[in-house]
Amino acid sequence: MSDNGLPLSGVAISVRSGRGFLNLRLNPHHGQAVETAERVLGQPIPQAANTFTNGGHEVYWLGPDEWLIANVAERAAALGSELAEALGGFHAAVNDVSGGNVELLVRGAEARAVLAKGCALDLHPREFAPGQCAQTGLGRAAVLLAAVDPSSYAIVVRRSFSDYVHRWLENAARPHRARFSAP
């Protein structure tokens, strides 16, 4: 084990429990709306395709006018209300989608090798660097994959596919000295 809890070799897979998710839609070219949302969030909203910001919340770019905000579950409803109220005068929408999503973490020296078994993206850090995210397939499920650092990836998947993705990861990681954590 390394100092930061990552396995020196192999891979660790865990469910990141206690997460809340908000879907935010707004016009990215309306500077005042973006500034308002950023003020409430206390961090920038990513404008570049397939990137995310991390500071108190993870804000994932999903499309030109759509973001997924991940944070502590207990805070999701209040943050959603704060955003909705602050953005009330703009053409914007905020929806709590916490009940429909699960977040998994895949960490360790072999994390990229495990994910590459079922993901069409080039996961080499030169192509999919920390701070990048993409909606992609993993096995036969649609997921949001984010490169947290060169050996850690976050996966947000619909709750109805989460058991499948977890089992898929277990099978793909078996040859890589996998360690699994319960939620």
# chains A, B, ... in the order shown; residues from 1 in each chain; ligands from 1
$ residues_around --residues "stretch 169-173 of chain A" --least-positions-apart "3" --cutoff "9 Å" --atoms "only C-alpha atoms" --output "JSON, numbers by chain"
{"A": [10, 11, 12, 13, 106, 110, 111, 113, 114, 115, 117, 118, 139, 164, 165, 166, 176, 177, 178, 179, 180]}
$ write_last_selection --atoms "all heavy atoms" --output "compact mmCIF listing (two decimals), in the first residue's frame"
# COMPACT_ATOMS: atom_id res chain seq x y z
N GLY A 10 -1.68 -3.60 -9.01
CA GLY A 10 -3.05 -4.08 -9.03
C GLY A 10 -4.05 -2.95 -9.14
O GLY A 10 -3.74 -1.87 -9.65
N VAL A 11 -5.25 -3.21 -8.64
CA VAL A 11 -6.34 -2.26 -8.78
C VAL A 11 -7.28 -2.39 -7.59
O VAL A 11 -7.47 -3.47 -7.04
CB VAL A 11 -7.08 -2.48 -10.12
CG1 VAL A 11 -7.73 -3.84 -10.18
CG2 VAL A 11 -8.08 -1.40 -10.41
N ALA A 12 -7.84 -1.27 -7.18
CA ALA A 12 -8.86 -1.23 -6.12
C ALA A 12 -10.14 -0.67 -6.72
O ALA A 12 -10.11 0.35 -7.42
CB ALA A 12 -8.39 -0.36 -4.95
N ILE A 13 -11.24 -1.33 -6.46
CA ILE A 13 -12.54 -0.90 -6.98
C ILE A 13 -13.46 -0.68 -5.79
O ILE A 13 -13.57 -1.55 -4.92
CB ILE A 13 -13.12 -1.96 -7.93
CG1 ILE A 13 -12.18 -2.17 -9.11
CG2 ILE A 13 -14.51 -1.56 -8.40
CD1 ILE A 13 -12.50 -3.38 -9.95
N VAL A 106 -12.15 3.44 -9.54
CA VAL A 106 -11.20 2.41 -9.94
C VAL A 106 -9.83 3.05 -9.81
O VAL A 106 -9.53 4.03 -10.48
CB VAL A 106 -11.46 1.93 -11.39
CG1 VAL A 106 -10.47 0.84 -11.78
CG2 VAL A 106 -12.89 1.44 -11.53
N GLU A 110 -2.96 -0.66 -12.18
CA GLU A 110 -3.56 -1.40 -13.28
C GLU A 110 -4.95 -0.89 -13.66
O GLU A 110 -5.65 -1.51 -14.47
CB GLU A 110 -3.65 -2.88 -12.92
CG GLU A 110 -2.31 -3.53 -12.63
CD GLU A 110 -1.41 -3.59 -13.85
OE1 GLU A 110 -1.92 -3.81 -14.96
OE2 GLU A 110 -0.19 -3.40 -13.68
N ALA A 111 -5.37 0.24 -13.11
CA ALA A 111 -6.72 0.76 -13.36
C ALA A 111 -6.98 0.98 -14.85
O ALA A 111 -8.02 0.57 -15.38
CB ALA A 111 -6.95 2.05 -12.58
N ALA A 113 -5.53 -0.38 -17.43
CA ALA A 113 -5.56 -1.67 -18.14
C ALA A 113 -6.91 -2.36 -17.96
O ALA A 113 -7.44 -2.95 -18.91
CB ALA A 113 -4.43 -2.56 -17.66
N VAL A 114 -7.46 -2.29 -16.76
CA VAL A 114 -8.76 -2.90 -16.50
C VAL A 114 -9.84 -2.21 -17.32
O VAL A 114 -10.63 -2.86 -18.01
CB VAL A 114 -9.10 -2.86 -14.99
CG1 VAL A 114 -10.56 -3.25 -14.74
CG2 VAL A 114 -8.16 -3.77 -14.22
N LEU A 115 -9.88 -0.88 -17.28
CA LEU A 115 -10.91 -0.14 -18.01
C LEU A 115 -10.78 -0.31 -19.51
O LEU A 115 -11.78 -0.37 -20.23
CB LEU A 115 -10.86 1.34 -17.63
CG LEU A 115 -11.21 1.65 -16.18
CD1 LEU A 115 -10.92 3.11 -15.87
CD2 LEU A 115 -12.66 1.32 -15.90
N LYS A 117 -10.17 -2.80 -21.16
CA LYS A 117 -10.75 -4.06 -21.63
C LYS A 117 -12.16 -3.89 -22.18
O LYS A 117 -12.62 -4.73 -22.95
CB LYS A 117 -10.76 -5.10 -20.51
CG LYS A 117 -9.38 -5.57 -20.13
CD LYS A 117 -9.46 -6.58 -19.01
CE LYS A 117 -8.06 -7.06 -18.63
NZ LYS A 117 -8.11 -8.12 -17.62
N GLY A 118 -12.85 -2.83 -21.76
CA GLY A 118 -14.23 -2.67 -22.20
C GLY A 118 -14.61 -1.26 -22.58
O GLY A 118 -15.78 -0.94 -22.68
N GLY A 139 -17.99 -2.01 -21.07
CA GLY A 139 -18.72 -3.25 -21.27
C GLY A 139 -19.89 -2.92 -22.17
O GLY A 139 -19.71 -2.35 -23.25
N TYR A 164 -24.38 -4.43 -12.89
CA TYR A 164 -23.70 -4.98 -14.06
C TYR A 164 -22.28 -4.42 -14.17
O TYR A 164 -21.32 -5.18 -14.37
CB TYR A 164 -24.49 -4.68 -15.35
CG TYR A 164 -23.65 -4.88 -16.58
CD1 TYR A 164 -23.42 -6.16 -17.09
CD2 TYR A 164 -23.06 -3.79 -17.22
CE1 TYR A 164 -22.61 -6.35 -18.20
CE2 TYR A 164 -22.26 -3.97 -18.34
CZ TYR A 164 -22.04 -5.25 -18.83
OH TYR A 164 -21.24 -5.43 -19.93
N VAL A 165 -22.12 -3.11 -14.05
CA VAL A 165 -20.79 -2.49 -14.19
C VAL A 165 -19.86 -2.99 -13.08
O VAL A 165 -18.69 -3.29 -13.33
CB VAL A 165 -20.89 -0.95 -14.21
CG1 VAL A 165 -19.51 -0.31 -14.11
CG2 VAL A 165 -21.57 -0.49 -15.49
N HIS A 166 -20.37 -3.08 -11.86
CA HIS A 166 -19.54 -3.58 -10.76
C HIS A 166 -19.07 -5.00 -11.04
O HIS A 166 -17.89 -5.32 -10.87
CB HIS A 166 -20.29 -3.49 -9.44
CG HIS A 166 -19.41 -3.61 -8.26
ND1 HIS A 166 -19.15 -4.82 -7.65
CD2 HIS A 166 -18.68 -2.68 -7.58
CE1 HIS A 166 -18.31 -4.63 -6.64
NE2 HIS A 166 -18.02 -3.34 -6.58
N HIS A 176 -5.64 -8.79 -12.33
CA HIS A 176 -4.79 -7.65 -11.94
C HIS A 176 -4.71 -7.47 -10.43
O HIS A 176 -4.57 -6.35 -9.94
CB HIS A 176 -5.32 -6.36 -12.59
CG HIS A 176 -5.33 -6.41 -14.07
ND1 HIS A 176 -4.24 -6.08 -14.82
CD2 HIS A 176 -6.30 -6.77 -14.94
CE1 HIS A 176 -4.54 -6.21 -16.11
NE2 HIS A 176 -5.78 -6.63 -16.20
N ARG A 177 -4.80 -8.54 -9.66
CA ARG A 177 -4.72 -8.48 -8.21
C ARG A 177 -5.72 -7.45 -7.65
O ARG A 177 -5.36 -6.53 -6.93
CB ARG A 177 -3.29 -8.18 -7.76
CG ARG A 177 -2.32 -9.28 -8.11
CD ARG A 177 -0.90 -8.97 -7.69
NE ARG A 177 -0.37 -7.71 -8.12
CZ ARG A 177 0.12 -7.45 -9.33
NH1 ARG A 177 0.11 -8.37 -10.25
NH2 ARG A 177 0.62 -6.27 -9.64
N ALA A 178 -6.96 -7.63 -7.99
CA ALA A 178 -7.99 -6.66 -7.61
C ALA A 178 -8.33 -6.74 -6.14
O ALA A 178 -8.29 -7.79 -5.52
CB ALA A 178 -9.26 -6.92 -8.42
N ARG A 179 -8.66 -5.56 -5.61
CA ARG A 179 -9.14 -5.44 -4.23
C ARG A 179 -10.46 -4.69 -4.32
O ARG A 179 -10.55 -3.63 -4.95
CB ARG A 179 -8.12 -4.66 -3.38
CG ARG A 179 -8.53 -4.54 -1.93
CD ARG A 179 -7.42 -3.92 -1.08
NE ARG A 179 -6.87 -2.70 -1.60
CZ ARG A 179 -7.35 -1.48 -1.35
NH1 ARG A 179 -8.40 -1.34 -0.59
NH2 ARG A 179 -6.78 -0.41 -1.86
N PHE A 180 -11.50 -5.23 -3.69
CA PHE A 180 -12.82 -4.63 -3.75
C PHE A 180 -13.23 -4.13 -2.38
O PHE A 180 -13.00 -4.79 -1.38
CB PHE A 180 -13.85 -5.66 -4.25
CG PHE A 180 -13.46 -6.26 -5.57
CD1 PHE A 180 -12.79 -7.47 -5.62
CD2 PHE A 180 -13.70 -5.59 -6.75
CE1 PHE A 180 -12.41 -8.02 -6.83
CE2 PHE A 180 -13.32 -6.12 -7.97
CZ PHE A 180 -12.67 -7.34 -8.02
$ select_by_dssp --residues "chain A" --states "strand (DSSP E or B)" --output "PyMOL selection string"
chain A and resi 11-15+19-26+51-55+57-63+66-72+92-96+101-107+132-138+141-149+152-158+178-181
$ select_by_dssp --residues "stretch 73-169 of chain A" --states "alpha helix (DSSP H)" --output "ChimeraX atom specification"
/A:73-86,111-116,159-169
$ residues_around --residues "A:Ala76" --least-positions-apart "2" --cutoff "12 Å" --atoms "only C-alpha atoms" --output "PyMOL selection string"
chain A and resi 18-23+41+57+68-74+78-84+94-99
$ residues_around --residues "A:Gly55" --least-positions-apart "3" --cutoff "8 Å" --atoms "only C-alpha atoms" --output "list in words"
Gly42, Gln43 and Glu58 of chain A
$ write_last_selection --atoms "all heavy atoms" --output "short mmCIF file (atom, residue, chain, number, x, y, z; two decimals), in the first residue's frame"
data_model
loop_
_atom_site.label_atom_id
_atom_site.label_comp_id
_atom_site.auth_asym_id
_atom_site.auth_seq_id
_atom_site.Cartn_x
_atom_site.Cartn_y
_atom_site.Cartn_z
N GLY A 42 -19.26 27.99 -6.10
CA GLY A 42 -17.96 28.33 -5.52
C GLY A 42 -16.80 27.80 -6.34
O GLY A 42 -15.70 27.62 -5.82
N GLN A 43 -17.04 27.55 -7.62
CA GLN A 43 -15.99 27.05 -8.51
C GLN A 43 -16.43 27.24 -9.95
O GLN A 43 -17.62 27.42 -10.23
CB GLN A 43 -15.70 25.58 -8.23
CG GLN A 43 -16.81 24.64 -8.67
CD GLN A 43 -16.55 23.22 -8.23
OE1 GLN A 43 -16.64 22.93 -7.05
NE2 GLN A 43 -16.23 22.34 -9.17
N GLU A 58 -17.62 18.04 -7.94
CA GLU A 58 -17.11 17.74 -9.26
C GLU A 58 -18.17 18.22 -10.23
O GLU A 58 -19.35 17.86 -10.08
CB GLU A 58 -16.86 16.24 -9.46
CG GLU A 58 -15.68 15.70 -8.69
CD GLU A 58 -16.03 15.31 -7.27
OE1 GLU A 58 -17.20 15.00 -6.99
OE2 GLU A 58 -15.13 15.35 -6.41
#
